Amino acid sequence: MATIVRTRFAPSPTGFMHIGNARTALFAYLYARHCRGRFILRIEDTDQERLVDGAEAAIYRDLKWLGLEWDEGPDVGGPVGPYRCSERYHLYEDHIKRIRKNARVYRCFCSPGQLDQDRKLLSSQNKVIKYVGRCLSISEADSESRAKTDKFVWRMHVPESGESIAIQDKIRGEVKMTPDIIGDFIISRSTGIPVFLFANAVDDAVMEITHVTRGEDHLSNTFRQVLIFRALGYPEPVFAHLPMIGDTDGGKFSKRAGSLSIENLKDEGFIAEGIINYMALLGWSPGDTSETGEKFSKEELVDRFDLDRVHKSRALFDYNKLRFLNQTHLQNRSPEDLAKLVPPSNPKWSGIWKDAVALIQHDISTLNEIHKIESFLEQPDFDSSPMAADVLRTDQNRKIISQGLVSIKEKISSGSSIEEALKDGIKKVGKDLSVKGKELYFPFRMALTGKDAGPELNPLAKLIGSEAVVARLERAVEFGSQTH
RNA sequence: GACCCCUUCGUCUAGCCCGGUCCAGGACACCAGGUUUUCAUCCUGGUAACAGGGGUUCAAAUCCCCUAGGGGUCGCCA
């Protein structure tokens with residue numbers, strides 16, 4: 001029986017999903033799909049105090065929006081469920097019992113305050129900070145009787161003299177740690193609920209996760225989890241500790257994590273294809289891209305992705321590159337599609353909206369920028385634009401525009417389309433007054449749009465129609481003469 | 001403080017395992033030129049990096065050692 005690759009994404013519902021979480025999910029997803037394996041979603045809600053209302057729903061929403069569909073999870077079920085840790089307590093209890101038989105596990109009655117003092121003392125002496133072992137020597141009989149009245153946690157003992165513990169990491173290779181600095185660690189709280197370290201290891205084992213992909217921040221704790229796997233007699237999974245993502249400002253990523261949440265990015269007008277493409281390139285490389293470019297669809301990523309090519313060092317988030325990649329994916333979409341996704345602010349534009357969107361589709365990096373086209377659909381407001389005044393009030397430009405207007409009107413009345421009329425009209429003034437290039441075109445752009453940048457003029461003219469074109473030019477001439 | 005991980009253009013990275021083809025390639029950003037009779041799009045070109053120091057070798061971005069810097073962990077958080 002060939003073992004099927006099983007990866008999981010195991011977020012805790014304590015807040016929004018930021019780009020770091022999402023990238024972890026993406027890598028687990030891509031690897032599973034690449035290997036034709038299974039991608040599992042597990043909600044780690046063992047810390048009831050930190051649960052945030054709606055956070056679990058947000059996880060589903062964001063993953064779905066990104067297109068990272070899971071094969072097993074709390075909502076869809078699966079063969080090794082339930083997939084919510086809070087519904088698996090009976091399983092953890094069984095495993096606590098089991099580990100008591102297989103390993104040195106003991107009750108610890110130390111209070112949190114006591115433990116805190118211990119750590120401070122150790123720290124002031126520049127010693128390794130770990131549990132001092134105060135409760136290790138309590139006899140089984142004493143332990144049993146104290147347990148009836150006192151609060152206690154379960155600790156797993158780590159012999160100091162043991163061999164160094166090695167883990168196999170798919171990204172970092174073999175990583176070793178000597179056991180004398182690990183210390184006896186808590187596996188179950190005084191409430192009876194296991195800590196993350198334990199529940200997470202048990203779940204990964206029972207759910208037969210073959211590849212544990214997670215952030216590098218878990219690397220140090222992995223050694224304890226390996227001890228748990230061994231004591232329980234479960235095979236160890238392959239670990240893949242992903243590099244962290246840092247902030248461009250050099251500051252801590254978490255400080256700006258809010259603005260880098262998936263929800264926020266979506267609100268800013270980024271599309272799933274763009275975000276997926278960008279995240280894949282953060283910490284992973286497809287190799288030589290000089291032939292292929294860096295634009296990849298999710299399917300192409302599934303095809304190429306492998307944990308072997310994940311980087312070891314952390315990557316800094318680069319907003320510019322996200323925008324660029326988002327733009328390339330935006331250019332791929334049909335104008336109809338985009339028009340539907342981003343409706344016009346004013347329903348009166350519904351009829352021409354698709355064509356309007358087509359006009360700026362290639363100039364935008366986010367969906368929200370589509371609305372920029374709306375300002376070109378209205379008569380420009382010259383009065384509030386110093387630049388328009390500068391341009392339209394020169395003698396030469398007034399002449400250019402008014403002569404052009406005459407030609408354009410003639411063309412229209414002789415049956416030309418507005419595009420043709422505008423094009424030929426401008427050409428004619430250019431010839432008559434022998435001006436060309438920017439000198440010729442800029443006055444018309446300003447007269448028609450009131451701006452120095454925007455979509456191509458001829459298609460825009462077609463979009464707004466001949467009446468609007470004439471009206472705008474007339475208004476421009478009038479405005480240009482006001483102070484003369 | 002201890003331990004673990006990391007270190008190629010400003011940023012993401014290729015190359016590193018299997019030393020020579022690398023006075024280090026691509027992409028974003030930036031700058032310049034071209035196309036579009038403006039801007040943007042698009043095309044072409046340019047600036048820009050092997051953290052530092054020792055070794056090994058005919059030859060090192062690539063192998064070894066040290067130093068420095070960055071990150072992570074050390075919680076009845078995950």
# chains A, B, ... in the order shown; residues from 1 in each chain; ligands from 1
>>> interface_residues(of="chain A", to="chain B", cutoff="6 Å", atoms="only C-alpha atoms (C1' of nucleotides)", output="PyMOL selection string")
chain A and resi 126+128+189+217+220+288+290+313+321+362-363+437-438+441-442+453
>>> write_last_selection(atoms="N, CA and C atoms", output="CSV table (one decimal), in the first residue's frame")
chain,number,residue,atom,x,y,z
A,126,ASN,N,22.1,33.4,34.5
A,126,ASN,CA,22.5,33.0,33.2
A,126,ASN,C,22.5,31.5,32.9
A,128,VAL,N,20.3,27.9,31.8
A,128,VAL,CA,19.3,27.4,30.9
A,128,VAL,C,17.9,27.5,31.6
A,189,ARG,N,-2.9,20.6,31.1
A,189,ARG,CA,-3.1,21.7,32.1
A,189,ARG,C,-3.9,21.3,33.3
A,217,ASP,N,8.8,29.1,13.6
A,217,ASP,CA,8.6,29.4,15.0
A,217,ASP,C,8.3,28.1,15.8
A,220,SER,N,11.8,24.9,17.3
A,220,SER,CA,12.4,24.5,18.6
A,220,SER,C,11.5,23.5,19.4
A,288,ASP,N,14.7,28.4,-12.5
A,288,ASP,CA,15.0,29.4,-13.5
A,288,ASP,C,13.7,29.9,-14.2
A,290,SER,N,13.7,32.6,-16.3
A,290,SER,CA,13.9,33.5,-17.4
A,290,SER,C,13.1,33.1,-18.7
A,313,SER,N,15.8,30.9,4.4
A,313,SER,CA,15.8,32.2,5.1
A,313,SER,C,14.5,33.0,5.0
A,321,LYS,N,5.6,44.2,-5.5
A,321,LYS,CA,5.5,42.9,-6.3
A,321,LYS,C,4.1,42.3,-6.2
A,362,HIS,N,-6.0,47.4,-18.3
A,362,HIS,CA,-4.6,47.2,-18.4
A,362,HIS,C,-3.7,48.1,-17.5
A,363,ASP,N,-4.4,49.1,-17.0
A,363,ASP,CA,-3.6,50.1,-16.3
A,363,ASP,C,-3.8,50.0,-14.7
A,437,GLY,N,2.5,65.9,-31.8
A,437,GLY,CA,3.0,65.3,-30.6
A,437,GLY,C,2.2,65.8,-29.4
A,438,LYS,N,3.0,65.9,-28.3
A,438,LYS,CA,2.4,66.3,-27.0
A,438,LYS,C,1.8,67.6,-27.1
A,441,TYR,N,-1.6,67.1,-28.8
A,441,TYR,CA,-2.5,66.2,-28.1
A,441,TYR,C,-2.9,66.6,-26.7
A,442,PHE,N,-2.0,67.2,-26.0
A,442,PHE,CA,-2.2,67.4,-24.6
A,442,PHE,C,-3.4,68.4,-24.4
A,453,ALA,N,-3.4,62.5,-17.3
A,453,ALA,CA,-3.2,61.1,-17.6
A,453,ALA,C,-4.6,60.4,-17.6
>>> residues_around(residues="A:Asp383", least_positions_apart="3", cutoff="12 Å", atoms="only C-alpha atoms (C1' of nucleotides)", output="MDAnalysis selection string")
chainID A and resid 379:380 386:390 392 450 475:476 478:480 482
>>> atom_distance(atom1="atom CA of A:Ser161", atom2="atom CA of A:Ser124")
24.7 Å
>>> closest_residue(among="B:C42, B:U8, B:C17, B:A49", to="B:C63", atoms="only C-alpha atoms (C1' of nucleotides)")
B:C17
>>> atom_distance(atom1="atom CA of A:Glu263", atom2="atom CA of A:Asp337")
20.8 Å
>>> residues_around(residues="A:Gly54", least_positions_apart="4", cutoff="9 Å", atoms="only C-alpha atoms (C1' of nucleotides)", output="list in words")
Pro13, Gly15, Ala58 and Ile59 of chain A
>>> select_by_dssp(residues="stretch 157-228 of chain A", states="helix (DSSP H, G or I)", output="number ranges by chain")
A: 179-181, 196-206, 216-218, 222-228
>>> write_last_selection(atoms="N, CA and C atoms", output="compact mmCIF listing (two decimals), in the first residue's frame")
# COMPACT_ATOMS: atom_id res chain seq x y z
N PRO A 179 19.25 16.87 24.85
CA PRO A 179 18.08 16.83 25.75
C PRO A 179 18.28 17.58 27.06
N ASP A 180 19.50 17.85 27.47
CA ASP A 180 19.70 18.48 28.77
C ASP A 180 19.18 19.90 28.84
N ILE A 181 18.91 20.53 27.72
CA ILE A 181 18.38 21.90 27.78
C ILE A 181 16.87 21.96 27.53
N PHE A 196 -1.16 22.74 23.58
CA PHE A 196 -0.99 22.64 22.13
C PHE A 196 0.03 21.58 21.73
N LEU A 197 1.17 21.65 22.37
CA LEU A 197 2.28 20.76 22.06
C LEU A 197 1.84 19.30 21.98
N PHE A 198 1.04 18.92 22.96
CA PHE A 198 0.61 17.54 23.05
C PHE A 198 -0.55 17.23 22.09
N ALA A 199 -1.57 18.05 22.16
CA ALA A 199 -2.75 17.82 21.32
C ALA A 199 -2.37 17.81 19.85
N ASN A 200 -1.52 18.73 19.50
CA ASN A 200 -1.09 18.88 18.12
C ASN A 200 -0.35 17.64 17.62
N ALA A 201 0.52 17.10 18.48
CA ALA A 201 1.27 15.90 18.10
C ALA A 201 0.34 14.70 17.99
N VAL A 202 -0.55 14.57 18.96
CA VAL A 202 -1.50 13.46 18.95
C VAL A 202 -2.38 13.53 17.70
N ASP A 203 -2.88 14.72 17.41
CA ASP A 203 -3.74 14.88 16.25
C ASP A 203 -3.01 14.56 14.95
N ASP A 204 -1.82 15.07 14.82
CA ASP A 204 -1.06 14.78 13.61
C ASP A 204 -0.82 13.28 13.45
N ALA A 205 -0.56 12.61 14.56
CA ALA A 205 -0.32 11.17 14.51
C ALA A 205 -1.59 10.42 14.16
N VAL A 206 -2.67 10.73 14.88
CA VAL A 206 -3.93 10.01 14.67
C VAL A 206 -4.52 10.31 13.30
N GLU A 216 8.51 28.42 10.98
CA GLU A 216 9.77 28.12 11.64
C GLU A 216 9.71 28.35 13.14
N ASP A 217 8.75 29.13 13.58
CA ASP A 217 8.63 29.39 15.01
C ASP A 217 8.34 28.12 15.80
N HIS A 218 7.95 27.06 15.10
CA HIS A 218 7.66 25.80 15.78
C HIS A 218 8.87 24.87 15.84
N THR A 222 9.61 21.34 18.24
CA THR A 222 9.44 20.06 17.55
C THR A 222 10.13 18.92 18.28
N PHE A 223 11.22 19.26 18.96
CA PHE A 223 11.95 18.21 19.67
C PHE A 223 11.10 17.57 20.76
N ARG A 224 10.35 18.40 21.47
CA ARG A 224 9.45 17.87 22.49
C ARG A 224 8.37 17.00 21.84
N GLN A 225 7.90 17.46 20.71
CA GLN A 225 6.84 16.70 20.05
C GLN A 225 7.35 15.36 19.55
N VAL A 226 8.61 15.33 19.12
CA VAL A 226 9.20 14.08 18.69
C VAL A 226 9.23 13.10 19.87
N LEU A 227 9.54 13.63 21.05
CA LEU A 227 9.54 12.81 22.26
C LEU A 227 8.15 12.23 22.50
N ILE A 228 7.13 13.03 22.24
CA ILE A 228 5.75 12.57 22.42
C ILE A 228 5.42 11.47 21.40
>>> select_by_dssp(residues="stretch 92-187 of chain A", states="strand (DSSP E)", output="list in words")
Val105, Tyr106, Arg107, Cys108, Val153, Trp154, Arg155, Met156, Ile165, Ala166, Ile167, Gln168, Asp169, Gly173, Glu174, Val175, Lys176, Met177, Phe185, Ile186 and Ile187 of chain A
>>> write_last_selection(atoms="N, CA, C and O atoms", output="tab-separated table (two decimals), in the first residue's frame")
chain	number	residue	atom	x	y	z
A	105	VAL	N	5.96	10.23	33.19
A	105	VAL	CA	5.07	11.39	33.22
A	105	VAL	C	4.63	11.57	34.66
A	105	VAL	O	4.29	10.59	35.32
A	106	TYR	N	4.68	12.77	35.19
A	106	TYR	CA	4.34	12.96	36.61
A	106	TYR	C	3.52	14.21	36.85
A	106	TYR	O	3.48	15.11	36.02
A	107	ARG	N	2.85	14.21	38.02
A	107	ARG	CA	2.04	15.37	38.37
A	107	ARG	C	2.96	16.45	38.91
A	107	ARG	O	3.88	16.18	39.67
A	108	CYS	N	2.67	17.68	38.51
A	108	CYS	CA	3.45	18.81	39.02
A	108	CYS	C	2.48	19.75	39.72
A	108	CYS	O	1.49	20.17	39.13
A	153	VAL	N	-0.63	19.75	37.08
A	153	VAL	CA	-0.52	19.54	35.63
A	153	VAL	C	0.31	18.28	35.42
A	153	VAL	O	0.98	17.81	36.34
A	154	TRP	N	0.20	17.70	34.24
A	154	TRP	CA	1.04	16.55	33.93
A	154	TRP	C	2.28	17.03	33.19
A	154	TRP	O	2.18	17.84	32.26
A	155	ARG	N	3.42	16.54	33.62
A	155	ARG	CA	4.67	16.87	32.93
A	155	ARG	C	5.31	15.61	32.39
A	155	ARG	O	5.21	14.54	32.97
A	156	MET	N	5.98	15.75	31.28
A	156	MET	CA	6.74	14.64	30.73
A	156	MET	C	8.21	14.86	31.08
A	156	MET	O	8.75	15.95	30.87
A	165	ILE	N	18.52	14.60	20.29
A	165	ILE	CA	17.32	14.27	19.53
A	165	ILE	C	17.44	14.90	18.14
A	165	ILE	O	17.77	16.07	18.02
A	166	ALA	N	17.20	14.11	17.13
A	166	ALA	CA	17.32	14.62	15.76
A	166	ALA	C	15.96	14.59	15.08
A	166	ALA	O	15.19	13.65	15.25
A	167	ILE	N	15.67	15.64	14.34
A	167	ILE	CA	14.45	15.60	13.53
A	167	ILE	C	14.85	15.74	12.06
A	167	ILE	O	15.87	16.34	11.75
A	168	GLN	N	14.06	15.16	11.22
A	168	GLN	CA	14.32	15.28	9.79
A	168	GLN	C	13.41	16.38	9.25
A	168	GLN	O	12.19	16.24	9.28
A	169	ASP	N	14.02	17.42	8.79
A	169	ASP	CA	13.24	18.52	8.24
A	169	ASP	C	13.47	18.58	6.74
A	169	ASP	O	14.60	18.61	6.27
A	173	GLY	N	16.99	19.89	6.52
A	173	GLY	CA	17.80	18.70	6.72
A	173	GLY	C	17.71	18.22	8.16
A	173	GLY	O	16.72	18.48	8.84
A	174	GLU	N	18.75	17.55	8.64
A	174	GLU	CA	18.71	17.06	10.01
A	174	GLU	C	19.02	18.20	10.99
A	174	GLU	O	19.97	18.93	10.81
A	175	VAL	N	18.17	18.33	12.01
A	175	VAL	CA	18.40	19.33	13.05
A	175	VAL	C	18.46	18.60	14.39
A	175	VAL	O	17.58	17.80	14.70
A	176	LYS	N	19.50	18.89	15.16
A	176	LYS	CA	19.70	18.18	16.43
A	176	LYS	C	19.59	19.09	17.63
A	176	LYS	O	19.84	20.28	17.54
A	177	MET	N	19.26	18.47	18.75
A	177	MET	CA	19.17	19.22	20.00
A	177	MET	C	19.55	18.27	21.14
A	177	MET	O	19.10	17.13	21.17
A	185	PHE	N	8.46	19.09	30.38
A	185	PHE	CA	7.45	20.02	29.89
A	185	PHE	C	6.02	19.55	30.17
A	185	PHE	O	5.76	18.36	30.34
A	186	ILE	N	5.13	20.53	30.22
A	186	ILE	CA	3.73	20.26	30.54
A	186	ILE	C	3.01	19.69	29.32
A	186	ILE	O	3.17	20.20	28.20
A	187	ILE	N	2.27	18.63	29.51
A	187	ILE	CA	1.46	18.10	28.42
A	187	ILE	C	-0.03	18.30	28.67
A	187	ILE	O	-0.83	18.32	27.75
>>> residues_around(residues="A:Leu281", least_positions_apart="4", cutoff="9 Å", atoms="only C-alpha atoms (C1' of nucleotides)", output="list in words")
Ile276, Asn277, Ser285, Pro286 and Glu294 of chain A; C12 and U13 of chain B
>>> residues_around(residues="A:Lys295", least_positions_apart="5", cutoff="8 Å", atoms="only C-alpha atoms (C1' of nucleotides)", output="ChimeraX atom specification")
/A:277,325,328-329
>>> atom_distance(atom1="atom CA of A:Ile418", atom2="atom CA of A:Leu433")
22.1 Å
